[in-house]
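Shown next: start18.txt, containing compact mmCIF, C-alpha atoms and all ligand atoms.
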# COMPACT_ATOMS: atom_id res chain seq x y z
CA MET A 54 -27.70 -9.31 27.94
CA SER A 55 -26.50 -6.41 25.82
CA GLN A 56 -25.74 -6.88 22.15
CA LYS A 57 -22.25 -7.53 20.77
CA TYR A 58 -21.17 -5.75 17.62
CA GLN A 59 -19.05 -6.94 14.75
CA ALA A 60 -16.92 -5.13 12.20
CA VAL A 61 -18.42 -4.62 8.75
CA LYS A 62 -17.83 -7.60 6.45
CA GLY A 63 -14.60 -7.28 4.49
CA MET A 64 -13.27 -4.55 6.80
CA ASN A 65 -10.56 -5.71 9.18
CA ASP A 66 -9.19 -4.72 12.55
CA VAL A 67 -5.42 -4.67 12.86
CA LEU A 68 -4.68 -5.97 16.36
CA PRO A 69 -1.51 -5.31 18.39
CA ALA A 70 -0.02 -8.68 17.41
CA GLU A 71 -0.01 -7.52 13.79
CA SER A 72 0.16 -3.75 13.98
CA TYR A 73 3.92 -3.67 14.40
CA GLN A 74 4.21 -5.44 11.05
CA TRP A 75 2.28 -2.57 9.49
CA GLU A 76 4.47 -0.02 11.23
CA PHE A 77 7.60 -1.77 10.01
CA PHE A 78 6.31 -1.86 6.42
CA GLU A 79 5.18 1.78 6.57
CA ALA A 80 8.57 2.89 7.94
CA THR A 81 10.32 1.03 5.11
CA LEU A 82 8.07 2.79 2.60
CA ARG A 83 8.57 6.25 4.09
CA ALA A 84 12.36 5.82 4.00
CA LEU A 85 12.21 4.61 0.39
CA LEU A 86 10.00 7.46 -0.80
CA ALA A 87 12.20 10.05 0.89
CA ASP A 88 15.23 8.53 -0.85
CA TYR A 89 13.55 9.14 -4.23
CA GLY A 90 12.33 12.67 -3.52
CA TYR A 91 8.60 12.05 -3.03
CA GLN A 92 6.46 14.21 -0.74
CA ASN A 93 3.40 13.10 1.18
CA ILE A 94 -0.10 14.34 0.29
CA ARG A 95 -3.17 13.66 2.45
CA THR A 96 -6.58 14.03 0.91
CA PRO A 97 -10.05 13.24 2.31
CA ILE A 98 -11.39 9.69 2.24
CA VAL A 99 -14.64 10.98 0.75
CA GLU A 100 -14.92 12.82 -2.59
CA THR A 101 -17.86 13.79 -4.76
CA THR A 102 -19.03 10.84 -6.88
CA PRO A 103 -18.60 12.50 -10.33
CA LEU A 104 -14.85 12.87 -9.70
CA PHE A 105 -14.40 9.09 -9.57
CA VAL A 106 -16.79 8.43 -12.45
CA ARG A 107 -14.88 10.91 -14.62
CA ALA A 108 -11.38 9.81 -13.59
CA ILE A 109 -11.80 6.05 -13.39
CA GLY A 110 -14.29 5.65 -16.24
CA GLU A 111 -17.99 4.83 -16.43
CA VAL A 112 -17.51 1.30 -17.76
CA THR A 113 -15.09 -0.17 -15.24
CA ASP A 114 -15.54 -2.72 -12.45
CA VAL A 115 -14.84 -0.05 -9.87
CA VAL A 116 -17.43 2.46 -11.04
CA GLU A 117 -20.01 -0.06 -12.21
CA LYS A 118 -20.20 -2.18 -9.09
CA GLU A 119 -17.58 -1.51 -6.42
CA MET A 120 -18.08 2.02 -5.13
CA TYR A 121 -19.59 2.89 -1.75
CA THR A 122 -21.78 5.79 -2.79
CA PHE A 123 -24.26 7.62 -0.59
CA VAL A 124 -26.26 10.80 -0.50
CA ASP A 125 -25.13 13.50 1.91
CA SER A 126 -28.43 13.95 3.72
CA LEU A 127 -27.62 17.57 4.53
CA ASN A 128 -27.46 18.84 0.97
CA GLY A 129 -28.27 15.91 -1.32
CA ASP A 130 -24.75 15.67 -2.81
CA SER A 131 -23.68 12.26 -4.05
CA LEU A 132 -20.49 11.27 -2.23
CA THR A 133 -18.24 8.20 -2.55
CA LEU A 134 -15.70 6.55 -0.27
CA ARG A 135 -12.51 6.67 -2.30
CA PRO A 136 -11.89 3.39 -4.19
CA GLU A 137 -8.39 4.50 -5.26
CA GLY A 138 -6.00 7.37 -4.61
CA THR A 139 -5.20 8.97 -7.95
CA ALA A 140 -8.49 10.84 -8.50
CA GLY A 141 -8.43 12.60 -5.12
CA THR A 142 -4.72 13.40 -5.39
CA LEU A 143 -5.11 14.98 -8.82
CA ARG A 144 -8.23 16.82 -7.73
CA ALA A 145 -6.19 18.38 -4.91
CA VAL A 146 -3.27 19.16 -7.23
CA VAL A 147 -5.55 21.00 -9.65
CA GLU A 148 -7.60 22.69 -6.93
CA HIS A 149 -4.49 24.06 -5.20
CA ASN A 150 -2.60 24.79 -8.40
CA LEU A 151 0.41 22.69 -7.35
CA LEU A 152 1.64 22.36 -10.92
CA TYR A 153 2.04 26.09 -11.51
CA ASN A 154 5.61 26.38 -12.85
CA SER A 155 6.43 23.18 -11.09
CA THR A 156 6.52 19.39 -11.21
CA GLN A 157 5.35 17.19 -8.35
CA LYS A 158 6.37 13.82 -6.95
CA LEU A 159 3.70 12.85 -4.43
CA TRP A 160 2.83 9.82 -2.32
CA TYR A 161 -0.21 8.88 -0.29
CA MET A 162 -1.03 5.99 1.98
CA GLY A 163 -4.34 4.97 3.49
CA PRO A 164 -7.61 3.07 3.30
CA MET A 165 -9.54 2.55 0.06
CA PHE A 166 -13.05 1.13 -0.23
CA ARG A 167 -14.48 -1.25 -2.82
CA HIS A 168 -17.58 -3.39 -2.56
CA GLU A 169 -16.04 -6.71 -3.58
CA ARG A 170 -16.53 -10.30 -2.47
CA PRO A 171 -14.12 -10.59 0.47
CA GLN A 172 -11.43 -13.27 0.20
CA LYS A 173 -7.74 -13.62 0.98
CA GLY A 174 -6.02 -10.51 -0.37
CA ARG A 175 -9.33 -8.88 -1.37
CA TYR A 176 -11.23 -6.75 1.12
CA ARG A 177 -13.84 -4.02 1.18
CA GLN A 178 -11.61 -1.70 3.16
CA PHE A 179 -8.01 -2.21 2.09
CA HIS A 180 -4.92 -0.02 2.10
CA GLN A 181 -2.86 1.36 -0.69
CA ILE A 182 0.43 3.15 -0.84
CA GLY A 183 0.59 5.05 -4.09
CA VAL A 184 2.69 7.64 -5.88
CA GLU A 185 1.96 10.20 -8.60
CA ALA A 186 4.78 11.85 -10.54
CA LEU A 187 3.41 14.85 -12.42
CA GLY A 188 4.98 16.93 -15.16
CA PHE A 189 7.48 14.34 -16.39
CA ALA A 190 7.04 13.06 -19.94
CA GLY A 191 9.26 10.01 -19.52
CA PRO A 192 10.49 7.41 -20.19
CA ASP A 193 13.10 8.27 -17.53
CA ILE A 194 10.48 8.70 -14.79
CA ASP A 195 8.77 5.49 -15.96
CA THR A 196 12.11 3.80 -15.36
CA GLU A 197 12.79 5.48 -12.03
CA ILE A 198 9.40 4.35 -10.73
CA ILE A 199 10.17 0.75 -11.65
CA VAL A 200 13.65 1.03 -10.11
CA MET A 201 12.11 2.42 -6.91
CA THR A 202 9.60 -0.43 -6.60
CA ALA A 203 12.33 -2.97 -7.35
CA ASP A 204 14.38 -1.30 -4.60
CA LEU A 205 11.44 -1.75 -2.21
CA TRP A 206 11.28 -5.50 -2.92
CA ARG A 207 15.03 -5.68 -2.31
CA ARG A 208 14.76 -3.83 1.02
CA LEU A 209 11.93 -6.15 2.09
CA GLY A 210 13.64 -9.35 0.89
CA LEU A 211 10.88 -10.06 -1.65
CA THR A 212 12.81 -9.76 -4.92
CA GLN A 213 12.72 -13.47 -5.76
CA TYR A 214 8.94 -13.71 -5.38
CA LEU A 215 7.99 -10.90 -7.77
CA GLN A 216 7.91 -10.56 -11.53
CA LEU A 217 7.49 -7.34 -13.49
CA GLU A 218 5.06 -7.28 -16.41
CA ILE A 219 4.95 -4.30 -18.74
CA ASN A 220 3.00 -3.14 -21.77
CA SER A 221 2.25 0.00 -23.75
CA LEU A 222 -1.27 1.26 -24.32
CA GLY A 223 -0.21 3.90 -26.83
CA ASN A 224 -2.11 7.16 -27.24
CA SER A 225 -5.84 7.65 -27.66
CA ALA A 226 -5.80 7.76 -31.49
CA GLU A 227 -3.93 4.45 -31.56
CA ARG A 228 -6.32 2.93 -29.08
CA LEU A 229 -9.23 4.09 -31.23
CA ALA A 230 -7.84 2.36 -34.34
CA HIS A 231 -7.21 -0.81 -32.36
CA ARG A 232 -10.65 -0.56 -30.83
CA GLU A 233 -12.36 -0.88 -34.19
CA ALA A 234 -10.38 -3.99 -35.07
CA LEU A 235 -11.01 -5.40 -31.63
CA ILE A 236 -14.77 -4.84 -31.80
CA ALA A 237 -14.88 -6.57 -35.20
CA TYR A 238 -12.96 -9.51 -33.72
CA LEU A 239 -15.12 -9.72 -30.61
CA GLU A 240 -18.29 -9.59 -32.75
CA CYS A 241 -17.06 -12.73 -34.51
CA HIS A 242 -16.69 -14.43 -31.11
CA HIS A 243 -19.85 -13.01 -29.61
CA GLU A 244 -21.17 -16.40 -28.53
CA LEU A 245 -18.07 -16.98 -26.36
CA LEU A 246 -18.40 -13.77 -24.33
CA ASP A 247 -19.72 -13.85 -20.80
CA GLU A 248 -22.30 -11.38 -19.57
CA ASP A 249 -19.71 -8.71 -18.70
CA GLY A 250 -18.00 -9.19 -22.05
CA LYS A 251 -21.22 -8.81 -24.05
CA ARG A 252 -22.08 -5.67 -22.17
CA ARG A 253 -18.64 -4.15 -22.70
CA LEU A 254 -18.16 -5.14 -26.33
CA TYR A 255 -19.05 -1.65 -27.55
CA THR A 256 -18.46 0.43 -24.44
CA ASN A 257 -15.04 -0.78 -23.29
CA PRO A 258 -13.78 -3.63 -25.50
CA LEU A 259 -10.22 -3.44 -24.16
CA ARG A 260 -11.59 -4.46 -20.80
CA VAL A 261 -13.13 -7.58 -22.32
CA LEU A 262 -9.56 -8.80 -22.74
CA ASP A 263 -8.74 -8.08 -19.10
CA THR A 264 -11.00 -10.98 -18.15
CA LYS A 265 -10.20 -13.45 -15.38
CA ASN A 266 -12.66 -15.96 -16.91
CA PRO A 267 -10.55 -19.01 -17.93
CA ALA A 268 -13.01 -19.87 -20.71
CA LEU A 269 -12.14 -16.61 -22.46
CA GLN A 270 -8.35 -16.84 -22.25
CA GLN A 271 -7.71 -18.30 -25.69
CA MET A 272 -10.11 -15.92 -27.40
CA ALA A 273 -8.39 -13.03 -25.59
CA ASP A 274 -4.91 -14.28 -26.46
CA ASN A 275 -5.72 -14.34 -30.17
CA ALA A 276 -7.38 -10.93 -30.27
CA PRO A 277 -5.76 -8.05 -32.22
CA ARG A 278 -2.95 -6.64 -30.10
CA LEU A 279 -2.89 -2.97 -29.24
CA LEU A 280 0.90 -3.13 -29.53
CA ASP A 281 0.56 -3.68 -33.29
CA TYR A 282 -1.31 -0.37 -33.62
CA LEU A 283 1.27 1.85 -31.94
CA GLY A 284 2.79 4.64 -34.03
CA PRO A 285 6.47 5.67 -34.04
CA GLU A 286 6.24 8.04 -31.07
CA SER A 287 4.56 5.55 -28.77
CA LEU A 288 6.91 2.80 -29.89
CA ALA A 289 9.91 5.05 -29.23
CA HIS A 290 8.64 5.80 -25.72
CA TYR A 291 8.08 2.11 -25.04
CA GLN A 292 11.44 1.18 -26.53
CA GLY A 293 13.22 3.86 -24.49
CA TRP A 294 11.64 2.54 -21.31
CA LYS A 295 12.62 -1.05 -22.08
CA GLU A 296 16.18 -0.10 -22.97
CA MET A 297 16.68 1.79 -19.71
CA LEU A 298 15.25 -1.09 -17.71
CA THR A 299 17.56 -3.54 -19.44
CA ALA A 300 20.57 -1.28 -18.96
CA LEU A 301 19.79 -1.08 -15.25
CA GLY A 302 19.43 -4.83 -14.94
CA VAL A 303 15.69 -4.87 -14.19
CA ALA A 304 14.10 -8.03 -15.59
CA TYR A 305 10.66 -7.65 -17.15
CA LYS A 306 8.17 -9.65 -19.15
CA GLU A 307 6.17 -7.99 -21.91
CA ASN A 308 2.50 -8.80 -21.53
CA PRO A 309 0.48 -7.48 -24.49
CA ARG A 310 -2.72 -8.38 -22.59
CA LEU A 311 -1.96 -6.06 -19.70
CA VAL A 312 -4.53 -3.26 -19.96
CA ARG A 313 -5.25 -2.27 -16.34
CA GLY A 314 -8.70 -1.96 -14.82
CA LEU A 315 -9.05 1.81 -14.81
CA ASP A 316 -9.67 3.88 -17.92
CA TYR A 317 -7.16 6.66 -17.39
CA TYR A 318 -4.01 4.84 -18.47
CA ASN A 319 -2.00 5.41 -21.68
CA GLN A 320 1.53 4.50 -22.89
CA SER A 321 3.55 2.69 -20.20
CA VAL A 322 1.64 0.33 -17.89
CA PHE A 323 3.04 -2.25 -15.51
CA GLU A 324 2.23 -4.72 -12.76
CA TRP A 325 4.37 -6.44 -10.18
CA VAL A 326 2.87 -9.90 -9.75
CA THR A 327 3.55 -12.93 -7.59
CA THR A 328 2.48 -16.54 -7.97
CA GLU A 329 2.48 -16.97 -4.18
CA LEU A 330 -0.93 -15.48 -3.37
CA GLY A 331 -3.32 -17.31 -5.70
CA ALA A 332 -5.73 -15.17 -7.71
CA GLN A 333 -4.84 -12.00 -5.77
CA GLY A 334 -1.34 -11.95 -7.27
CA THR A 335 -1.02 -8.30 -8.32
CA LEU A 336 0.84 -6.42 -5.59
CA CYS A 337 1.53 -3.19 -7.38
CA ALA A 338 0.01 -1.78 -10.53
CA GLY A 339 0.35 1.47 -12.38
CA GLY A 340 1.14 3.41 -15.48
CA ARG A 341 0.92 6.70 -17.37
CA TYR A 342 -2.19 8.86 -17.46
CA ASP A 343 -1.14 11.80 -19.58
CA GLY A 344 -4.67 13.06 -20.34
CA LEU A 345 -6.16 12.78 -16.89
CA ILE A 346 -5.16 16.08 -15.31
CA GLU A 347 -6.67 17.95 -18.25
CA GLN A 348 -9.85 15.87 -17.94
CA LEU A 349 -10.07 16.97 -14.32
CA GLY A 350 -9.88 20.62 -15.22
CA GLY A 351 -6.12 21.22 -15.03
CA LYS A 352 -3.59 22.16 -17.69
CA ALA A 353 -2.47 19.25 -19.88
CA THR A 354 0.34 17.61 -17.88
CA ALA A 355 2.09 14.27 -18.14
CA GLY A 356 1.52 11.91 -15.23
CA ILE A 357 2.49 8.46 -14.03
CA GLY A 358 1.77 6.59 -10.83
CA PHE A 359 1.06 3.31 -9.16
CA GLY A 360 -1.06 1.85 -6.39
CA MET A 361 0.20 -0.94 -4.19
CA GLY A 362 -2.06 -3.21 -2.15
CA MET A 363 -0.49 -3.14 1.31
CA GLU A 364 -2.38 -6.18 2.65
CA ARG A 365 -1.10 -8.26 -0.25
CA VAL A 366 2.52 -7.24 0.37
CA LEU A 367 2.09 -8.01 4.07
CA LEU A 368 0.54 -11.42 3.28
CA LEU A 369 3.60 -12.26 1.22
CA LEU A 370 5.98 -10.96 3.90
CA GLN A 371 4.14 -12.98 6.56
CA GLY A 372 4.13 -16.11 4.41
CA LYS A 373 7.89 -15.88 3.90
CA GLY A 374 8.66 -15.05 7.54
CA LEU A 375 10.23 -11.72 6.58
CA LEU A 376 8.68 -9.55 9.28
CA PRO A 377 10.60 -8.65 12.45
CA ALA A 378 9.05 -9.29 15.85
CA SER A 379 7.73 -6.28 17.67
CA PRO A 380 10.60 -4.84 19.73
CA ALA A 381 10.37 -5.33 23.51
CA ALA A 382 10.94 -2.55 26.05
CA ASP A 383 14.43 -2.03 27.46
CA VAL A 384 13.21 -2.00 31.04
CA TYR A 385 10.37 -3.46 33.07
CA LEU A 386 10.20 -1.47 36.29
CA LEU A 387 9.03 -3.46 39.33
CA ASN A 388 7.93 -1.60 42.45
CA GLN A 389 6.32 -2.43 45.75
CA GLY A 390 5.69 -0.81 49.12
CA THR A 391 4.74 2.58 50.53
CA GLY A 392 5.91 5.37 48.25
CA ALA A 393 7.21 2.96 45.64
CA PRO A 394 4.86 3.84 42.73
CA LEU A 395 5.82 7.51 42.83
CA TYR A 396 9.55 6.76 43.33
CA ALA A 397 9.35 4.33 40.40
CA MET A 398 7.49 6.81 38.22
CA ARG A 399 10.20 9.45 38.72
CA LEU A 400 12.85 6.84 37.91
CA ALA A 401 10.91 5.74 34.82
CA GLN A 402 10.77 9.32 33.56
CA SER A 403 14.50 9.83 34.07
CA LEU A 404 15.18 6.58 32.16
CA ARG A 405 12.92 7.62 29.30
CA THR A 406 14.64 10.99 29.17
CA ALA A 407 17.94 9.12 28.91
CA GLY A 408 16.56 7.24 25.90
CA PHE A 409 15.33 3.93 27.34
CA SER A 410 11.88 2.48 26.77
CA VAL A 411 10.26 1.56 30.06
CA ILE A 412 7.19 -0.38 31.13
CA GLN A 413 6.41 0.50 34.71
CA HIS A 414 4.41 -2.08 36.62
CA LEU A 415 1.11 -0.43 37.57
CA GLY A 416 -1.02 -1.58 40.50
CA GLU A 417 -0.19 -3.72 43.50
CA ALA A 418 1.25 -7.21 43.09
CA SER A 419 3.88 -9.43 44.69
CA PHE A 420 7.43 -9.15 43.34
CA LYS A 421 7.07 -12.74 42.16
CA SER A 422 4.08 -11.99 39.95
CA GLN A 423 5.66 -8.73 38.75
CA MET A 424 8.80 -10.67 37.79
CA LYS A 425 6.68 -13.09 35.73
CA LYS A 426 5.20 -10.16 33.83
CA ALA A 427 8.66 -8.67 33.33
CA ASP A 428 9.87 -11.94 31.84
CA ALA A 429 6.84 -12.30 29.60
CA SER A 430 7.18 -8.72 28.35
CA GLY A 431 10.47 -9.57 26.68
CA ALA A 432 12.16 -6.60 28.39
CA LEU A 433 15.95 -6.77 28.56
CA PHE A 434 16.22 -5.62 32.16
CA ALA A 435 14.16 -5.63 35.31
CA VAL A 436 14.72 -2.58 37.48
CA ILE A 437 13.41 -3.20 40.98
CA VAL A 438 12.51 -0.76 43.73
CA GLY A 439 11.12 -1.75 47.13
CA GLU A 440 11.04 0.00 50.49
CA ASP A 441 14.72 -0.81 51.21
CA GLU A 442 15.85 0.73 47.93
CA ILE A 443 13.75 3.82 48.55
CA CYS A 444 15.32 4.34 52.00
CA ALA A 445 18.81 3.96 50.56
CA GLY A 446 18.10 6.01 47.39
CA GLN A 447 18.96 3.07 45.14
CA ALA A 448 17.53 0.59 42.60
CA VAL A 449 18.35 -2.99 41.62
CA ILE A 450 19.16 -3.79 37.99
CA LYS A 451 18.59 -7.39 36.97
CA PRO A 452 19.47 -8.45 33.41
CA LEU A 453 16.68 -10.75 32.17
CA ARG A 454 18.21 -12.13 28.98
CA THR A 455 21.83 -12.79 30.05
CA ASP A 456 23.58 -14.50 32.98
CA ILE A 457 25.06 -11.24 34.25
CA VAL A 458 24.33 -10.94 37.98
CA GLN A 459 22.09 -8.26 39.34
CA GLN A 460 23.57 -5.11 40.84
CA THR A 461 22.39 -2.42 43.21
CA VAL A 462 23.18 1.14 42.12
CA ALA A 463 22.44 4.66 43.33
CA LEU A 464 19.29 6.12 41.81
CA GLU A 465 21.07 8.75 39.76
CA SER A 466 23.46 6.14 38.34
CA VAL A 467 20.76 3.81 36.97
CA PRO A 468 20.76 5.24 33.41
CA ALA A 469 24.55 5.07 33.13
CA ALA A 470 24.67 1.55 34.58
CA LEU A 471 21.99 0.39 32.11
CA ALA A 472 23.81 2.01 29.22
CA ALA A 473 27.01 0.23 30.22
CA LEU A 474 25.18 -3.11 30.36
CA MET A 475 23.61 -2.60 26.96
CA ASN A 476 26.93 -2.04 25.22
P1 LIG P 1 -7.62 -6.78 -9.03
O1 LIG P 1 -7.42 -7.15 -10.46
O2 LIG P 1 -6.87 -7.66 -8.07
O3 LIG P 1 -9.05 -6.55 -8.66
P2 LIG P 1 -7.35 -3.97 -9.57
O4 LIG P 1 -6.90 -3.90 -10.98
O5 LIG P 1 -8.78 -3.74 -9.26
O6 LIG P 1 -6.88 -5.35 -8.90
P3 LIG P 1 -6.01 -1.51 -8.85
O7 LIG P 1 -7.22 -0.69 -8.97
O8 LIG P 1 -4.96 -1.41 -9.87
O9 LIG P 1 -6.44 -3.05 -8.66
O10 LIG P 1 -5.37 -1.27 -7.41
C1 LIG P 1 -3.96 -1.36 -7.17
C2 LIG P 1 -3.64 -2.45 -6.19
O11 LIG P 1 -4.45 -2.39 -5.04
C3 LIG P 1 -3.90 -3.86 -6.70
O12 LIG P 1 -2.85 -4.31 -7.51
C4 LIG P 1 -3.98 -4.64 -5.42
O13 LIG P 1 -2.70 -4.94 -4.91
C5 LIG P 1 -4.68 -3.68 -4.50
N1 LIG P 1 -6.13 -3.96 -4.42
C6 LIG P 1 -7.09 -3.62 -5.31
N2 LIG P 1 -8.31 -3.99 -4.86
C7 LIG P 1 -8.11 -4.58 -3.65
C8 LIG P 1 -8.96 -5.16 -2.65
N3 LIG P 1 -10.28 -5.19 -2.80
N4 LIG P 1 -8.40 -5.65 -1.52
C9 LIG P 1 -7.06 -5.61 -1.33
N5 LIG P 1 -6.21 -5.08 -2.22
C10 LIG P 1 -6.70 -4.56 -3.36
MG MG P 2 -10.38 -5.01 -8.86
As a first step, turn the structure in this file into structure tokens.
Amino acid sequence: MSQKYQAVKGMNDVLPAESYQWEFFEATLRALLADYGYQNIRTPIVETTPLFVRAIGEVTDVVEKEMYTFVDSLNGDSLTLRPEGTAGTLRAVVEHNLLYNSTQKLWYMGPMFRHERPQKGRYRQFHQIGVEALGFAGPDIDTEIIVMTADLWRRLGLTQYLQLEINSLGNSAERLAHREALIAYLECHHELLDEDGKRRLYTNPLRVLDTKNPALQQMADNAPRLLDYLGPESLAHYQGWKEMLTALGVAYKENPRLVRGLDYYNQSVFEWVTTELGAQGTLCAGGRYDGLIEQLGGKATAGIGFGMGMERVLLLLQGKGLLPASPAADVYLLNQGTGAPLYAMRLAQSLRTAGFSVIQHLGEASFKSQMKKADASGALFAVIVGEDEICAGQAVIKPLRTDIVQQTVALESVPAALAALMN
């Protein structure tokens, strides 16, 4: 017997029963992004490894242990499957000089790869929709981005299941001052730190606070707060953001512990979280990264963006029964007898041209078994052609979901008759 193959662990197939749910969600997103003036950008799934190390930061979960990195055997380059979308997007923006005399509002959607322990809402290939707004200093764009995501939850019917958490990370000088105080504090609690914490104490102490380890929560809660180290400019930015959100009726919770897992963030950061999905409760996360474009070789430019885990949003939509069923075809076209397949195929094409979706029965089968398939397909109408109809140049229209009786009409009148029945 020949061998059967399986998908790679943590990488999922999306089968027809579920793929319409993805299409529905993607269509909702595309409409939303167009309404807010974002344009699509498509970058490769593979980038050179140093790009991610530089952009995301050496001492982060992603770079330390989650990247799929391999050597290009043709030239020895180190390449990485993208673990997130911002680095590649900004690389493209700088490479193609898209910010020359211009701002950009960009979105991307597609697979990301992280070597994590697979569980509900956490996969090794997962999908993100993300945006990057470049050249806007805020806090108006910070607000618009929140308003846009809130609008998405409204369009999807998810508003009641999501809470917004916000924080400010200040600028790099403020983070440096806080860092010293934080290191001193963590040194006093050295014995409490787990392995990751001990390792990061001096390299990335802020990340020690971003722990999911319950034993460290109290220690983290009592640590010096970055918020207390912000200067007047950062505070004004943060205050301006909060005031606009309040004025627009967007509820938020300030979370001084929110630091985000990637190094590039500064000033405004936020997460949309839900309590409905267990530990994988962050659906959308983002913030400002004003220094990043310069770090990647571009001109210093303000930037803000977010990444949204599409599987997690879909899990929530599925759990709450908020996804529409896949739409059925308008017509199932039954045919039997000499010449019927060709006659039916011409009819099917004329119906499609007139705007109907049509499933033509393919292959030989009794009318009875074809009718069963028509019923099961969910189609609204059966259109039937047999030898008698062919001789007379006609077709039978049989409504499948109402009590309206079937009718026989001339071939050229089928589209009009169907249209009349559908109104
Ligand atoms: P987490 O704390 O859950 O690991 P993260 O901070 O690593 O998340 P980001 O890098 O901010 O996540 O990515 C943005 C969003 O992408 C997350 O909020 C989440 O919705 C989604 N996401 C991240 N990693 C995964 C994954 N392995 N599987 C599915 N979705 C993911
Ligand atoms: Mg993670």
Surroundings of ligand MG 2 (chain P) up to 9 Å, based on all atoms listed in the file, as a VMD selection string: chain A and resid 114 to 115 119 167 169 175 314
Option closest in space to Gly356 in chain A, from A:Leu127, A:Met297, A:Val312, A:Ala186 [counting all atoms listed in the file]: A:Ala186
Protein and nucleic residues near ligand LIG 1 (chain P), 9 Å, all atoms listed in the file, as a ChimeraX atom specification: /A:63,114-115,119,136-137,165-183,263,265,313-315,324-326,332-339,359-366
10 Å contact set for range 432-446 of chain A, all atoms listed in the file, chain neighbours under 6 positions out, as a PyMOL selection string: chain A and resi 380-394+396-397+400-401+410-413+420+423-424+426+452-455+459-465+467+471+474-475
Expected answer as an NGL selection string: all residues with atoms within 6 Å of (3.2, 2.3, 2.4), all atoms listed in the file: :A and (79 or 82 or 162 or 182)
Dump as a Markdown table the rows for residues of range 117-140 of chain A within 12 Å of range 145-154 of chain A: closest atom pair and distance in Å with one decimal, only C-alpha atoms counted, ordered by chain and rising residue number.
| residue | atom | partner | partner_atom | distance |
| --- | --- | --- | --- | --- |
| A:Gly138 | CA | A:Ala145 | CA | 11.0 |
| A:Thr139 | CA | A:Ala145 | CA | 9.9 |
| A:Ala140 | CA | A:Ala145 | CA | 8.7 |
Using only C-alpha atoms, please write the residues we just selected to a file, as a PDB file, in the coordinates of the input.
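Output below, filename part12.pdb:
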ATOM      1  CA  GLY A 138      -6.000   7.370  -4.610  1.00  0.00           C
ATOM      2  CA  THR A 139      -5.200   8.970  -7.950  1.00  0.00           C
ATOM      3  CA  ALA A 140      -8.490  10.840  -8.500  1.00  0.00           C
TER       4      ALA A 140
END
Separation of CA of Gly129 in chain A from CA of Tyr317 in chain A, in Å and rounded to one decimal: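 Interatomic distance, CA of Gly129 in chain A to CA of Tyr317 in chain A: 28.1 Å.
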Nearest to Thr81 in chain A by atom-to-atom distance, counting all atoms listed in the file, from A:Val116, A:Val106, A:Val200, A:Leu376: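 Once distances to Thr81 in chain A are computed over all atoms listed in the file, the minimum belongs to A:Leu376.
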Near-Arg278 in chain A list (9 Å; all atoms listed in the file; drop same-chain fewer than 6 positions) as a ChimeraX atom specification: /A:231,235,309-310
Selected residue, from A:Arg252, A:Lys295, A:Arg228, A:His290, that lies nearest to Ile199 in chain A when counting only C-alpha atoms: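 Answer, going by the shortest atom-to-atom distance: A:Lys295.
The spacing separating CA of Pro164 in chain A from CA of Thr354 in chain A amounts to 26.9 Å.
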